[in-house]
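Source file model16.txt; content: compact mmCIF, C-alpha atoms.
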# COMPACT_ATOMS: atom_id res chain seq x y z
CA MET L 112 -39.45 113.81 -16.30
CA SER L 113 -42.15 111.26 -15.35
CA ALA L 114 -42.52 110.08 -11.75
CA PRO L 115 -41.18 106.59 -10.98
CA THR L 116 -43.77 103.84 -11.23
CA PRO L 117 -44.93 102.81 -7.76
CA LEU L 118 -44.12 99.22 -6.82
CA THR L 119 -46.15 96.75 -4.79
CA GLY L 120 -44.32 94.21 -2.68
CA LEU L 121 -44.89 91.57 -0.03
CA ILE L 122 -42.96 91.89 3.24
CA ILE L 123 -41.21 88.54 3.73
CA ALA L 124 -38.92 89.37 6.68
CA ALA L 125 -38.62 91.94 9.44
CA HIS L 126 -35.79 92.72 11.82
CA GLY L 127 -36.09 95.85 13.91
CA ARG L 128 -36.89 98.68 11.49
CA HIS L 129 -35.42 96.83 8.50
CA TYR L 130 -37.61 94.86 6.13
CA LEU L 131 -37.27 92.69 3.07
CA ALA L 132 -39.92 92.88 0.36
CA ASP L 133 -40.54 90.51 -2.52
CA VAL L 134 -41.49 92.35 -5.70
CA ASP L 135 -42.28 89.76 -8.38
CA GLY L 136 -39.40 87.57 -7.23
CA ARG L 137 -37.00 90.47 -6.71
CA LYS L 138 -35.85 91.09 -3.11
CA LEU L 139 -35.64 94.71 -1.96
CA GLN L 140 -34.30 96.02 1.34
CA CYS L 141 -36.84 98.45 2.78
CA VAL L 142 -37.18 101.01 5.51
CA THR L 143 -40.09 103.12 6.67
CA ARG L 144 -40.20 106.89 6.64
CA GLY L 145 -39.26 108.32 10.02
CA LYS L 146 -39.37 106.00 13.00
CA LYS L 147 -42.54 104.09 12.13
CA THR L 148 -42.37 100.37 12.84
CA ASN L 149 -45.96 99.40 12.14
CA ILE L 150 -45.05 96.96 9.36
CA ALA L 151 -45.60 93.20 9.70
CA VAL L 152 -44.44 90.20 7.74
CA GLY L 153 -47.23 89.39 5.32
CA ASP L 154 -48.07 93.04 4.69
CA VAL L 155 -48.62 94.15 1.11
CA VAL L 156 -46.86 97.50 0.76
CA ASN L 157 -46.42 100.27 -1.78
CA LEU L 158 -42.76 101.09 -2.34
CA LYS L 159 -40.64 103.86 -3.78
CA MET L 160 -37.21 102.87 -5.06
CA THR L 161 -34.22 104.72 -3.55
CA SER L 162 -31.45 102.66 -5.19
CA GLU L 163 -31.04 99.51 -7.24
CA ASP L 164 -31.97 97.16 -4.39
CA GLN L 165 -33.44 99.47 -1.76
CA ALA L 166 -36.79 101.16 -1.28
CA VAL L 167 -38.89 103.19 1.12
CA ILE L 168 -42.26 101.91 2.27
CA GLU L 169 -44.81 104.57 1.36
CA SER L 170 -48.00 102.86 2.54
CA ILE L 171 -49.56 99.57 3.61
CA ALA L 172 -52.46 97.99 1.76
CA GLU L 173 -55.56 97.24 3.80
CA ARG L 174 -55.01 94.20 6.00
CA GLN L 175 -57.41 91.28 6.13
CA THR L 176 -56.11 90.11 9.51
CA LEU L 177 -53.39 91.15 11.95
CA LEU L 178 -51.85 88.97 14.66
CA TYR L 179 -49.92 90.62 17.43
CA ARG L 180 -49.05 90.36 21.08
CA SER L 181 -48.67 93.12 23.63
CA ASP L 182 -47.67 93.97 27.15
CA GLN L 183 -48.83 97.02 29.09
CA TYR L 184 -46.27 99.27 27.40
CA LYS L 185 -46.12 98.28 23.73
CA SER L 186 -47.35 95.87 21.10
CA LYS L 187 -45.36 93.61 18.75
CA LEU L 188 -46.76 92.75 15.35
CA LEU L 189 -46.34 89.07 14.44
CA ALA L 190 -47.87 88.81 10.98
CA ALA L 191 -50.51 90.28 8.68
CA ASN L 192 -53.07 88.80 6.29
CA LEU L 193 -53.02 85.35 7.88
CA THR L 194 -55.78 82.83 7.28
CA ARG L 195 -54.49 79.97 9.43
CA LEU L 196 -52.44 79.63 12.63
CA PHE L 197 -50.68 76.44 13.73
CA ILE L 198 -49.60 76.05 17.36
CA VAL L 199 -46.75 73.54 17.51
CA VAL L 200 -46.43 71.51 20.71
CA ALA L 201 -44.52 68.31 21.42
CA THR L 202 -44.51 65.28 23.69
CA GLU L 203 -41.27 66.66 25.13
CA PRO L 204 -40.24 69.11 26.45
CA GLY L 205 -43.46 69.95 28.26
CA PHE L 206 -45.70 72.59 26.70
CA ALA L 207 -47.52 75.41 28.48
CA ASP L 208 -51.33 75.44 28.43
CA ASP L 209 -51.24 79.16 29.13
CA LEU L 210 -49.37 79.84 25.88
CA ILE L 211 -51.68 77.57 23.86
CA SER L 212 -54.81 79.22 25.23
CA ARG L 213 -53.45 82.73 24.73
CA SER L 214 -52.53 81.87 21.12
CA LEU L 215 -56.02 80.50 20.51
CA VAL L 216 -57.61 83.61 22.01
CA ALA L 217 -55.42 85.81 19.80
CA ALA L 218 -56.44 83.80 16.72
CA GLU L 219 -60.15 84.01 17.58
CA ALA L 220 -59.93 87.75 18.21
CA ALA L 221 -58.16 88.27 14.88
CA GLY L 222 -60.49 86.01 12.88
CA ILE L 223 -57.81 83.43 12.06
CA ASP L 224 -58.48 79.69 11.78
CA ALA L 225 -56.45 77.87 14.48
CA HIS L 226 -55.01 74.34 14.49
CA LEU L 227 -52.74 72.35 16.82
CA ILE L 228 -49.77 70.22 15.77
CA LEU L 229 -48.43 67.57 18.15
CA ASN L 230 -44.85 66.81 17.15
CA LYS L 231 -42.47 64.09 18.39
CA THR L 232 -45.14 61.39 18.52
CA ASP L 233 -42.27 58.87 18.39
CA VAL L 234 -41.68 59.63 22.09
CA VAL L 235 -44.30 57.07 23.04
CA ASP L 236 -43.79 57.30 26.82
CA SER L 237 -45.16 60.85 26.82
CA LEU L 238 -47.67 60.52 23.97
CA ASP L 239 -50.80 59.52 25.89
CA LYS L 240 -50.29 62.25 28.47
CA ALA L 241 -49.83 64.89 25.76
CA ARG L 242 -52.94 63.70 23.93
CA GLU L 243 -54.96 63.80 27.14
CA ARG L 244 -53.91 67.39 27.87
CA LEU L 245 -54.80 68.46 24.34
CA THR L 246 -58.37 67.11 24.60
CA THR L 247 -59.23 70.41 26.29
CA TYR L 248 -58.72 72.08 22.92
CA THR L 249 -59.94 69.37 20.58
CA SER L 250 -63.21 69.27 22.55
CA LEU L 251 -63.62 72.97 21.68
CA GLY L 252 -63.36 72.14 17.99
CA TYR L 253 -59.69 72.94 17.33
CA PRO L 254 -58.20 70.30 14.97
CA LEU L 255 -55.16 68.35 16.15
CA HIS L 256 -52.60 66.91 13.73
CA GLU L 257 -50.03 64.39 14.99
CA VAL L 258 -46.60 64.17 13.35
CA SER L 259 -43.03 63.09 13.93
CA ALA L 260 -40.66 65.34 12.02
CA ARG L 261 -37.64 63.25 13.03
CA THR L 262 -38.77 59.66 12.46
CA ARG L 263 -41.57 60.03 9.89
CA PRO L 264 -40.74 63.15 7.87
CA GLU L 265 -42.54 62.13 4.68
CA GLU L 266 -45.69 61.34 6.62
CA ALA L 267 -45.46 64.72 8.38
CA VAL L 268 -45.28 66.54 5.04
CA ALA L 269 -48.19 64.50 3.68
CA THR L 270 -50.25 65.43 6.74
CA LEU L 271 -49.48 69.14 6.81
CA LEU L 272 -49.11 70.19 3.18
CA PRO L 273 -52.83 69.85 2.31
CA LEU L 274 -53.68 72.00 5.35
CA LEU L 275 -51.35 74.73 4.09
CA ALA L 276 -52.51 74.73 0.47
CA GLY L 277 -54.11 78.01 -0.52
CA GLN L 278 -53.54 79.46 2.95
CA SER L 279 -51.42 82.19 4.49
CA SER L 280 -50.22 80.33 7.57
CA ILE L 281 -48.01 80.94 10.58
CA PHE L 282 -46.28 78.42 12.86
CA ILE L 283 -45.90 79.55 16.47
CA GLY L 284 -44.80 77.82 19.65
CA GLN L 285 -42.29 77.57 22.43
CA SER L 286 -38.66 76.86 21.70
CA GLY L 287 -37.82 73.16 21.52
CA MET L 288 -41.09 71.94 20.02
CA GLY L 289 -39.58 71.15 16.63
CA LYS L 290 -41.16 74.04 14.78
CA SER L 291 -38.04 74.78 12.73
CA SER L 292 -37.67 71.08 11.85
CA LEU L 293 -41.20 71.09 10.42
CA ILE L 294 -40.55 74.27 8.47
CA ASN L 295 -37.40 72.72 6.98
CA LEU L 296 -39.40 69.68 5.87
CA LEU L 297 -42.10 71.80 4.26
CA VAL L 298 -39.68 74.30 2.72
CA PRO L 299 -36.62 72.31 1.54
CA ASP L 300 -34.62 75.45 0.71
CA ALA L 301 -35.52 77.21 3.99
CA ASP L 302 -31.91 77.25 5.24
CA ILE L 303 -30.74 78.90 2.02
CA ALA L 304 -33.55 81.43 2.25
CA VAL L 305 -32.66 82.23 5.87
CA ARG L 306 -29.03 82.89 4.94
CA GLU L 307 -30.11 85.18 2.09
CA ILE L 308 -32.52 87.06 4.32
CA SER L 309 -29.94 87.33 7.12
CA ALA L 310 -27.43 88.82 4.70
CA ALA L 311 -29.99 91.26 3.31
CA LEU L 312 -31.11 92.38 6.77
CA ASP L 313 -27.55 92.27 8.11
CA THR L 314 -28.60 90.13 11.07
CA GLY L 315 -25.52 87.94 10.93
CA LYS L 316 -25.90 84.75 12.93
CA HIS L 317 -29.00 85.92 14.77
CA THR L 318 -31.27 84.13 12.34
CA THR L 319 -33.80 83.05 14.96
CA THR L 320 -34.63 86.59 16.03
CA PHE L 321 -36.70 87.58 13.04
CA THR L 322 -39.96 86.46 11.49
CA ARG L 323 -39.84 85.33 7.86
CA LEU L 324 -42.26 84.23 5.16
CA TYR L 325 -41.72 81.40 2.68
CA ASP L 326 -43.54 80.58 -0.53
CA LEU L 327 -44.57 76.92 -0.47
CA HIS L 328 -44.71 76.70 -4.29
CA THR L 329 -47.87 74.60 -4.20
CA PRO L 330 -49.34 73.98 -7.66
CA GLU L 331 -52.13 76.30 -8.77
CA GLN L 332 -52.68 77.77 -5.29
CA LYS L 333 -50.76 80.60 -3.64
CA SER L 334 -49.57 79.22 -0.30
CA THR L 335 -47.25 80.91 2.18
CA ILE L 336 -45.95 79.94 5.58
CA ILE L 337 -44.48 82.24 8.20
CA ASP L 338 -41.96 81.04 10.77
CA SER L 339 -41.82 83.10 13.95
CA PRO L 340 -39.16 83.04 16.69
CA GLY L 341 -39.99 80.76 19.60
CA PHE L 342 -41.41 82.65 22.55
CA GLN L 343 -42.54 81.77 26.05
CA GLU L 344 -45.11 84.54 26.63
CA PHE L 345 -48.06 85.84 24.62
CA GLY L 346 -49.38 89.08 26.08
CA LEU L 347 -52.87 90.16 25.02
CA TYR L 348 -53.17 93.49 26.77
CA HIS L 349 -54.73 95.04 23.65
CA LEU L 350 -57.92 92.95 23.78
CA SER L 351 -60.97 94.65 25.25
CA GLU L 352 -63.43 93.02 27.63
CA GLY L 353 -65.94 92.42 24.83
CA MET L 354 -63.29 90.96 22.54
CA LEU L 355 -62.07 88.62 25.26
CA GLU L 356 -65.43 87.07 26.14
CA ARG L 357 -66.09 86.37 22.46
CA ALA L 358 -62.59 84.91 21.91
CA PHE L 359 -63.22 82.04 24.35
CA VAL L 360 -65.27 79.79 22.09
CA GLU L 361 -66.72 77.79 24.98
CA PHE L 362 -68.32 80.98 26.38
CA LYS L 363 -70.45 81.56 23.28
CA PRO L 364 -73.45 79.32 24.18
CA TYR L 365 -73.81 81.19 27.50
CA LEU L 366 -73.28 84.82 26.47
CA GLY L 367 -76.44 86.79 26.98
CA GLY L 368 -77.67 84.32 29.60
CA CYS L 369 -76.42 86.22 32.65
CA LYS L 370 -78.77 88.12 34.99
CA PHE L 371 -76.90 91.40 34.47
CA TYR L 372 -76.32 92.75 30.93
CA ASN L 373 -72.88 94.09 31.92
CA CYS L 374 -71.76 90.90 33.67
CA ARG L 375 -67.97 90.42 33.65
CA HIS L 376 -68.25 86.68 34.45
CA LEU L 377 -65.96 86.93 37.47
CA ILE L 378 -67.97 87.06 40.74
CA GLU L 379 -71.41 88.27 39.65
CA PRO L 380 -74.51 86.41 40.87
CA GLN L 381 -76.54 84.33 38.42
CA CYS L 382 -73.75 84.40 35.81
CA ALA L 383 -74.26 81.81 33.08
CA ILE L 384 -70.50 81.48 32.52
CA LEU L 385 -69.74 80.87 36.21
CA THR L 386 -72.52 78.30 36.37
CA ALA L 387 -71.02 76.49 33.37
CA VAL L 388 -67.60 76.49 35.08
CA ALA L 389 -69.12 75.07 38.28
CA GLU L 390 -70.86 72.35 36.25
CA GLY L 391 -67.61 71.38 34.47
CA LYS L 392 -68.81 72.59 31.07
CA ILE L 393 -66.02 75.18 30.91
CA ALA L 394 -62.49 74.24 32.02
CA LYS L 395 -61.56 76.04 35.22
CA PHE L 396 -58.07 76.97 34.02
CA ARG L 397 -59.52 78.53 30.86
CA HIS L 398 -61.88 80.69 32.94
CA GLN L 399 -58.98 81.65 35.22
CA LEU L 400 -57.02 82.75 32.16
CA TYR L 401 -60.00 84.85 31.06
CA GLY L 402 -59.88 86.62 34.43
CA GLN L 403 -56.13 87.15 34.11
CA LEU L 404 -56.53 88.61 30.62
CA LEU L 405 -59.27 90.95 31.85
CA HIS L 406 -56.89 92.15 34.56
CA GLU L 407 -54.09 92.64 32.01
CA SER L 408 -56.31 94.64 29.65
CA ALA L 409 -57.00 97.10 32.47
CA GLN L 410 -53.23 97.75 32.91
CA THR L 411 -52.54 99.05 29.38
CA LEU L 412 -50.51 102.26 29.33
CA TYR L 413 -49.92 102.79 25.59

What does the file become when written as structure tokens?
Amino acid sequence: MSAPTPLTGLIIAAHGRHYLADVDGRKLQCVTRGKKTNIAVGDVVNLKMTSEDQAVIESIAERQTLLYRSDQYKSKLLAANLTRLFIVVATEPGFADDLISRSLVAAEAAGIDAHLILNKTDVVDSLDKARERLTTYTSLGYPLHEVSARTRPEEAVATLLPLLAGQSSIFIGQSGMGKSSLINLLVPDADIAVREISAALDTGKHTTTFTRLYDLHTPEQKSTIIDSPGFQEFGLYHLSEGMLERAFVEFKPYLGGCKFYNCRHLIEPQCAILTAVAEGKIAKFRHQLYGQLLHESAQTLY
């Protein structure tokens, strides 16, 4: 009797240790062998069928990129094989600069192109203030795209769709920024897909607790978008000192310019980074975050 033909699938949803894979349009419920949970949405996996609609994940294909967050005890995979990350903020409620900066650092460290989306531009009373705060990031070269999912939906789609074409993208952000509204505009059958995925993963009504991937069905180009649950914290305990200094793009012109080759850019004399901070060339809060991340990376226990 010949061995079953191995299947290759794309992980489109994850909930705990349960996964959903797309195999040429066919959805299969998947589990890993043992207690492994090192699978991410966006992973290409090799599968072995165990029943008509179920399979075991045998292996993961080599990843091009991997985005994840971590605290001192464990890490949480967000998505694999991404090419573009969109941080969704809004005029209201207020957004956290700490979360934006951490997301940008994670993207830089993973080699993922990062963009910002300012939603709810119809709230004109808060628009100028939001724009002013975001100049910190646009001045570093991160593109900003302004939309109003509620009042100008067609314009929002026209703005974002070309940026998603041919990309493997993820939308991240705090709860309340309108991220799900944008996803629903870009993927008209997203609600149907969520219900199908929820049923397959047996997550019931807890549809916001899992990450899921949608095919954008753009002509000629393969385009996918991943929606992640809203979160308020983005731990980066897994990034080393060397990774961190290179992930702050504004540090790059000054790296190698310090008096000491092993300078940590915190309190050392004749530090090119500290001089740039003092001269206003590097935002003070961004440098403070760098120091916080260095401290966190030293606390890792896993």

What separates atom CA of Tyr253 of chain L and atom CA of Phe197 of chain L is a distance of 10.3 Å

Around (-43.9, 90.0, 15.8), as given in the file, which residues come within 8 Å? Count all atoms listed in the file and list them as a compact mmCIF listing (two decimals) with C-alpha atoms, in the coordinates of the input.
# COMPACT_ATOMS: atom_id res chain seq x y z
CA ALA L 151 -45.60 93.20 9.70
CA TYR L 179 -49.92 90.62 17.43
CA ARG L 180 -49.05 90.36 21.08
CA LYS L 187 -45.36 93.61 18.75
CA LEU L 188 -46.76 92.75 15.35
CA LEU L 189 -46.34 89.07 14.44
CA ALA L 190 -47.87 88.81 10.98
CA THR L 322 -39.96 86.46 11.49
CA SER L 339 -41.82 83.10 13.95

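Using only C-alpha atoms for every distance, the candidate list L:Ser181, L:Thr335, L:Ser212, L:Thr176 yields L:Thr335 as the residue closest to Leu274 of chain L.
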
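The space separating atom CA of Ser351 of chain L from atom CA of Ala220 of chain L comes to 9.9 Å.
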
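Here atom CA of Thr232 of chain L and atom CA of Thr202 of chain L stand 6.5 Å from one another.
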
Restricting the calculation to all atoms listed in the file, which member of L:Leu405, L:Ala383, L:Gln165, L:Leu177 is positioned closest to Leu118 of chain L?
-> L:Gln165

For segment 276-286 of chain L, list every protein, DNA or RNA residue within 6 Å, evaluated using only C-alpha atoms, and leave out those in the same chain fewer than 6 positions away; present the list as an NGL selection string.
-> :L and (193-199 or 332-339 or 341-343)

Output segment 126-137 of chain L as a JSON list (two decimals), in the frame of the given file, making sure N, CA and C atoms are there.
[["chain", "number", "residue", "atom", "x", "y", "z"],
["L", 126, "HIS", "N", -36.77, 92.74, 10.74],
["L", 126, "HIS", "CA", -35.79, 92.72, 11.82],
["L", 126, "HIS", "C", -35.60, 94.15, 12.27],
["L", 127, "GLY", "N", -36.15, 94.47, 13.46],
["L", 127, "GLY", "CA", -36.09, 95.85, 13.91],
["L", 127, "GLY", "C", -36.88, 96.73, 12.97],
["L", 128, "ARG", "N", -36.22, 97.78, 12.44],
["L", 128, "ARG", "CA", -36.89, 98.68, 11.49],
["L", 128, "ARG", "C", -36.44, 98.39, 10.06],
["L", 129, "HIS", "N", -35.86, 97.21, 9.84],
["L", 129, "HIS", "CA", -35.42, 96.83, 8.50],
["L", 129, "HIS", "C", -36.31, 95.70, 7.98],
["L", 130, "TYR", "N", -36.68, 95.82, 6.72],
["L", 130, "TYR", "CA", -37.61, 94.86, 6.13],
["L", 130, "TYR", "C", -37.10, 94.39, 4.78],
["L", 131, "LEU", "N", -37.58, 93.21, 4.39],
["L", 131, "LEU", "CA", -37.27, 92.69, 3.07],
["L", 131, "LEU", "C", -38.58, 92.44, 2.35],
["L", 132, "ALA", "N", -38.70, 93.01, 1.16],
["L", 132, "ALA", "CA", -39.92, 92.88, 0.36],
["L", 132, "ALA", "C", -39.64, 92.07, -0.90],
["L", 133, "ASP", "N", -40.61, 91.27, -1.28],
["L", 133, "ASP", "CA", -40.54, 90.51, -2.52],
["L", 133, "ASP", "C", -41.40, 91.23, -3.55],
["L", 134, "VAL", "N", -40.78, 91.67, -4.62],
["L", 134, "VAL", "CA", -41.49, 92.35, -5.70],
["L", 134, "VAL", "C", -41.33, 91.49, -6.95],
["L", 135, "ASP", "N", -42.32, 90.66, -7.21],
["L", 135, "ASP", "CA", -42.28, 89.76, -8.38],
["L", 135, "ASP", "C", -40.99, 88.95, -8.44],
["L", 136, "GLY", "N", -40.59, 88.41, -7.28],
["L", 136, "GLY", "CA", -39.40, 87.57, -7.23],
["L", 136, "GLY", "C", -38.11, 88.33, -6.96],
["L", 137, "ARG", "N", -38.17, 89.63, -6.98],
["L", 137, "ARG", "CA", -37.00, 90.47, -6.71],
["L", 137, "ARG", "C", -37.03, 90.92, -5.25]]
